[in-house]
Structures are given as structure tokens and as C-alpha cells.
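Data block for query19.txt (compact mmCIF, C-alpha atoms):
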# COMPACT_ATOMS: atom_id res chain seq x y z
CA MET A 1 31.16 -70.97 21.82
CA LYS A 2 27.40 -71.32 22.36
CA LYS A 3 27.68 -69.11 25.43
CA VAL A 4 29.46 -66.42 23.44
CA LEU A 5 26.75 -66.45 20.77
CA SER A 6 24.03 -66.31 23.43
CA ILE A 7 25.62 -63.30 25.10
CA VAL A 8 26.12 -61.54 21.76
CA ALA A 9 22.48 -62.23 20.83
CA VAL A 10 21.22 -60.81 24.14
CA LEU A 11 23.36 -57.69 23.72
CA ALA A 12 22.13 -57.26 20.13
CA ILE A 13 18.52 -57.44 21.34
CA LEU A 14 19.25 -54.84 24.03
CA LEU A 15 20.87 -52.61 21.41
CA CYS A 16 17.81 -52.91 19.14
CA GLY A 17 15.62 -51.91 22.08
CA MET A 18 17.70 -48.77 22.54
CA VAL A 19 17.23 -47.81 18.89
CA THR A 20 13.50 -47.33 19.40
CA VAL A 21 14.21 -44.89 22.25
CA ALA A 22 16.22 -42.70 19.88
CA ALA A 23 13.32 -41.98 17.53
CA GLU A 24 13.14 -38.30 16.65
CA ARG A 25 10.23 -36.12 17.68
CA SER A 26 7.72 -35.44 14.97
CA PRO A 27 8.17 -32.02 13.39
CA SER A 28 5.91 -29.13 14.33
CA PRO A 29 2.94 -28.77 12.02
CA THR A 30 3.54 -26.41 9.14
CA ILE A 31 1.44 -23.27 9.19
CA PRO A 32 -0.37 -22.86 5.87
CA HIS A 33 0.85 -20.03 3.65
CA GLY A 34 -1.00 -16.80 4.35
CA TYR A 35 -1.84 -17.69 7.98
CA ILE A 36 -0.40 -17.19 11.46
CA VAL A 37 -1.16 -18.64 14.90
CA VAL A 38 -1.43 -17.03 18.33
CA ASP A 39 0.33 -19.30 20.83
CA VAL A 40 -0.25 -18.36 24.50
CA ILE A 41 1.88 -20.16 27.11
CA PRO A 42 1.71 -19.95 30.93
CA TYR A 43 5.05 -19.25 32.62
CA PRO A 44 5.82 -21.01 34.86
CA SER A 45 3.58 -23.80 33.64
CA ASP A 46 2.41 -24.63 37.17
CA GLY A 47 1.46 -20.98 37.85
CA GLY A 48 -1.76 -20.93 35.91
CA GLU A 49 -3.47 -21.35 32.57
CA ALA A 50 -3.44 -19.12 29.50
CA GLU A 51 -5.53 -19.22 26.36
CA SER A 52 -6.38 -17.43 23.16
CA SER A 53 -9.86 -16.99 21.69
CA GLU A 54 -8.37 -18.13 18.36
CA GLU A 55 -7.10 -21.70 18.69
CA GLY A 56 -6.42 -22.33 15.00
CA TYR A 57 -4.93 -20.40 12.13
CA ILE A 58 -5.66 -16.71 11.53
CA GLN A 59 -5.43 -15.29 8.05
CA ILE A 60 -2.61 -12.74 7.78
CA ASP A 61 -3.79 -9.15 8.19
CA SER A 62 -7.42 -10.24 8.60
CA GLY A 63 -8.01 -7.51 11.18
CA GLU A 64 -9.44 -10.19 13.46
CA ASN A 65 -9.43 -9.37 17.19
CA VAL A 66 -8.02 -12.02 19.52
CA THR A 67 -8.72 -12.17 23.26
CA ILE A 68 -5.91 -13.60 25.39
CA SER A 69 -6.69 -14.51 28.97
CA ALA A 70 -4.79 -15.85 31.97
CA THR A 71 -6.14 -17.58 35.08
CA ALA A 72 -3.83 -18.12 38.07
CA LYS A 73 -3.78 -21.41 39.99
CA PRO A 74 -4.05 -21.39 43.81
CA GLY A 75 -0.92 -19.89 45.36
CA TYR A 76 -0.14 -17.78 42.27
CA LYS A 77 -1.29 -14.50 40.76
CA PHE A 78 -1.06 -13.12 37.24
CA SER A 79 1.88 -10.76 36.68
CA HIS A 80 2.03 -9.68 33.03
CA TRP A 81 1.98 -10.62 29.34
CA GLU A 82 5.24 -10.92 27.41
CA PHE A 83 5.08 -10.79 23.60
CA ILE A 84 8.03 -12.80 22.28
CA THR A 85 7.39 -12.90 18.53
CA GLY A 86 5.01 -11.28 16.08
CA GLN A 87 3.43 -7.85 15.83
CA HIS A 88 0.10 -6.73 17.27
CA THR A 89 -2.03 -3.74 18.17
CA VAL A 90 -3.68 -3.51 21.58
CA VAL A 91 -7.45 -3.04 21.26
CA SER A 92 -8.16 -3.10 25.01
CA GLY A 93 -6.32 -3.85 28.23
CA LYS A 94 -2.67 -3.51 29.14
CA VAL A 95 0.17 -5.97 29.72
CA THR A 96 -0.62 -6.24 33.44
CA ASP A 97 -4.31 -7.12 32.88
CA PRO A 98 -5.19 -10.84 32.84
CA VAL A 99 -7.41 -10.25 29.81
CA MET A 100 -6.29 -8.32 26.72
CA VAL A 101 -7.78 -7.91 23.27
CA ILE A 102 -5.23 -7.59 20.47
CA THR A 103 -5.18 -7.55 16.68
CA PRO A 104 -2.30 -9.55 15.14
CA GLU A 105 -0.42 -7.74 12.37
CA GLY A 106 2.17 -8.83 9.85
CA ASP A 107 3.10 -12.31 8.73
CA GLU A 108 4.82 -13.64 11.86
CA SER A 109 2.93 -15.81 14.35
CA LEU A 110 2.51 -14.49 17.89
CA LEU A 111 4.18 -16.23 20.83
CA VAL A 112 2.92 -14.77 24.11
CA TYR A 113 3.85 -15.75 27.68
CA ALA A 114 1.42 -15.22 30.53
CA HIS A 115 3.68 -14.67 33.54
CA PHE A 116 2.56 -15.75 36.98
CA VAL A 117 4.22 -15.11 40.35
CA LYS A 118 3.71 -16.70 43.75
CA GLU A 119 1.21 -15.02 46.05
CA GLY A 120 2.92 -12.40 48.22
CA THR A 121 5.33 -11.38 45.46
CA ASP A 122 5.20 -7.76 44.35
CA VAL A 123 4.19 -7.32 40.73
CA THR A 124 5.89 -4.46 38.92
CA ASP A 125 5.26 -3.12 35.45
CA PRO A 126 7.76 -4.89 33.16
CA THR A 127 10.19 -2.50 31.46
CA THR A 128 12.72 -4.82 29.86
CA LYS A 129 12.63 -6.07 26.29
CA PRO A 130 11.00 -9.53 26.05
CA SER A 131 13.27 -12.52 25.61
CA LEU A 132 13.02 -16.29 25.68
CA PRO A 133 13.83 -17.94 29.02
CA GLY A 134 17.34 -19.39 29.25
CA SER A 135 17.84 -22.97 28.08
CA ASP A 136 18.87 -23.96 31.62
CA ASP A 137 15.47 -22.88 32.98
CA PRO A 138 13.33 -25.96 33.80
CA HIS A 139 10.26 -24.23 32.32
CA SER A 140 12.02 -23.21 29.14
CA PRO A 141 10.44 -24.26 25.85
CA THR A 142 13.92 -24.14 24.30
CA THR A 143 15.39 -26.95 26.41
CA GLY A 144 16.92 -29.47 24.01
CA ASP A 145 16.18 -33.15 23.55
CA THR A 146 18.97 -35.47 24.74
CA THR A 147 17.60 -38.70 23.27
CA LEU A 148 20.19 -38.91 20.47
CA VAL A 149 23.09 -38.31 22.87
CA SER A 150 21.77 -41.03 25.19
CA PHE A 151 21.44 -43.42 22.26
CA ILE A 152 25.06 -42.85 21.19
CA VAL A 153 26.39 -43.33 24.73
CA PHE A 154 24.39 -46.54 25.25
CA SER A 155 25.40 -47.87 21.81
CA VAL A 156 29.10 -47.33 22.45
CA ALA A 157 28.74 -48.94 25.90
CA ALA A 158 26.91 -51.96 24.43
CA ILE A 159 29.55 -52.46 21.72
CA PHE A 160 32.39 -52.17 24.24
CA THR A 161 30.67 -54.60 26.63
CA THR A 162 30.07 -57.12 23.85
CA PHE A 163 33.73 -56.94 22.79
CA ALA A 164 34.92 -57.35 26.40
CA VAL A 165 32.67 -60.39 27.00
CA VAL A 166 33.87 -62.08 23.79
CA VAL A 167 37.54 -61.53 24.72
CA ILE A 168 37.03 -62.87 28.26
CA LEU A 169 35.16 -65.99 27.09
CA ARG A 170 37.75 -66.76 24.42
CA ARG A 171 40.53 -66.54 27.01
CA LYS A 172 38.63 -68.95 29.29
CA GLN A 173 38.13 -71.42 26.41
CA ASN A 174 41.80 -71.30 25.44
CA GLY A 175 42.70 -72.03 28.94

Would you write out, as C-alpha cells, the structure that this file holds?
Amino acid sequence: MKKVLSIVAVLAILLCGMVTVAAERSPSPTIPHGYIVVDVIPYPSDGGEAESSEEGYIQIDSGENVTISATAKPGYKFSHWEFITGQHTVVSGKVTDPVMVITPEGDESLLVYAHFVKEGTDVTDPTTKPSLPGSDDPHSPTTGDTTLVSFIVFSVAAIFTTFAVVVILRRKQNG
């Protein structure tokens, strides 16, 4: 019986260790009322770097100009900007220029992708409506978190294993 309790205790400790893995991600910070942000993301992430002259919050309809810039990493070149969310007015530059000056408008934050392509790839003027990358894309910001699913699978496996070990040990004791 001591062996059974020892095995159950070890399995319980393992199960408790798995619970810490299943902790949820902290929520995104809440944008204060009356403000927006300009979020500039390189796509793909290994293609280069992208930044905005305004790192923090911008007051809605402040008329503030924001410079967005993209710098390609070796082996890549800048292709174009893709505005996913939010409204803006172009002050200078165009979507195929690595530096643009824009003025955010409205009350929706701006999400902008700086697209990079491998050297030797032809860059064409984008004509399609912007969209988020598919969730199966390895660079997609919309790819889900599978921690909870993993926790459930491991928990069920641990419970089943514990039950199986107890049944086997009881059969051995009873002869």
C-alpha cells in the first residue's frame, strides 16, 4: 500500500507542475480613453525592423504627424506598407517607400505591417485590400496559444495513468 501512495504522490506532484504551465497570458494593456497607438510590425519578422516615431499613446485627432520607417536586414529588401486597422492621411511618401509620414485619424489604433521580401524578388505595387495573415502562417500574430489544450491532455493522461497504476498494484497485492 505504501508503494501505491508513493506513486500517487509522485503523479500528484507532476500534475501540480503541469498546472503552472497552463497559466494564461497577461492581457494586453488597455489604451486610455481618448488615445490610440501606432503599432508597426515587420513581416516577416526576420526580414527587417520597423518603427514609429510615436512609441506611446497619441491623443485622438491631435493632428500629430507620425513617421514610420522600415530597415531591411541583410538578404532582404523593403517591399511595402500594409495598413491593417485605423484611418490615416499620408503627409509624405507612398506605400512602397521605406519612410512615410502619416497623420492618424479617428478613434481606432493603427496596425501597420512593413513587408519585406528576399533579395532578388520583384517588388510590385500592392493592389489588394489589406488583410491579416492566415492563422497557419508561422509569422502570423493571430496564431493561437495551445497551453490550455496541452494542460487538459496532460491532466487526463496523468489521471488515467494514476488509475491504471492503482489497479495494477491492487491486483498484485491480492495475488

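With CA of Thr85 in chain A on one side and CA of Ser109 in chain A on the other, the separation reads 6.8 Å.
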
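If you measure from each of A:Ser52, A:Thr121, A:Ser79, A:Ser155 to Thr67 in chain A using only C-alpha atoms, the closest one turns out to be A:Ser52.
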
Problem set entry | For Pro42 in chain A, the nearest of the candidates A:Gly56, A:Pro104, A:Pro98, A:Gly120, counting all atoms listed in the file | A:Pro98

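Comparing the minimum interatomic distances between Val101 in chain A and each of A:His115, A:Arg171, A:His88, A:His33, counting all atoms listed in the file, we find that A:His88 sits nearest.
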
Problem set entry | Counting all atoms listed in the file, the residue of A:Ala157, A:Val166, A:Ile58, A:Ile68 that sits nearest Gly106 in chain A |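 Going through A:Ala157, A:Val166, A:Ile58, A:Ile68 one by one, the smallest distance to Gly106 in chain A is for A:Ile58.
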
Problem set entry | Polymer residues at most 9 Å from range 89-94 of chain A, only C-alpha atoms, same-chain spacing of 6 or more positions, as a list in words |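 Near range 89-94 of chain A, the qualifying residues are Asn65, His80, Trp81, Met100, Val101, Ile102, Thr103, Pro104 and Glu105 of chain A.
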
For this session: State, in Å with one decimal place, the distance from CA of Asp97 in chain A to CA of Tyr35 in chain A.
Result: 27.2 Å

Exercise. So, counting all atoms listed in the file, which residue among A:Thr162, A:Gln87, A:Gln59, A:Ser69 is closest to Ile41 in chain A?
Worked result: A:Ser69

For this session: Just give me the gap between CA of Ser62 in chain A and CA of Ala50 in chain A in Å, one decimal is fine.
Result: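 Taking CA of Ser62 in chain A and CA of Ala50 in chain A, their separation equals 23.1 Å.
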
Quick one: everything within 12 Å of Lys118 in chain A, counting all atoms listed in the file, minus sequence neighbours fewer than 5 positions away in the same chain. Send it as a short mmCIF file (atom, residue, chain, number, x, y, z; two decimals) with C-alpha atoms, keeping the file's coordinate frame.
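Everything below was put into out.cif:
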data_model
loop_
_atom_site.label_atom_id
_atom_site.label_comp_id
_atom_site.auth_asym_id
_atom_site.auth_seq_id
_atom_site.Cartn_x
_atom_site.Cartn_y
_atom_site.Cartn_z
CA TYR A 43 5.05 -19.25 32.62
CA PRO A 44 5.82 -21.01 34.86
CA ASP A 46 2.41 -24.63 37.17
CA GLY A 47 1.46 -20.98 37.85
CA GLY A 48 -1.76 -20.93 35.91
CA ALA A 72 -3.83 -18.12 38.07
CA LYS A 73 -3.78 -21.41 39.99
CA PRO A 74 -4.05 -21.39 43.81
CA GLY A 75 -0.92 -19.89 45.36
CA TYR A 76 -0.14 -17.78 42.27
CA LYS A 77 -1.29 -14.50 40.76
CA PHE A 78 -1.06 -13.12 37.24
CA SER A 79 1.88 -10.76 36.68
CA VAL A 123 4.19 -7.32 40.73
#

Exercise. From the set A:Ala158, A:Ser45, A:Glu64, A:Arg170, which residue has the shortest atom-to-atom contact distance to Val117 in chain A, counting only C-alpha atoms?
Worked result: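 Once distances to Val117 in chain A are computed over only C-alpha atoms, the minimum belongs to A:Ser45.
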
Exercise. Got a sec: who's within 6 Å of Val112 in chain A, counting all atoms listed in the file, leaving out chain neighbours fewer than 3 positions off, as a PyMOL selection string?
Worked result: chain A and resi 40+82-84
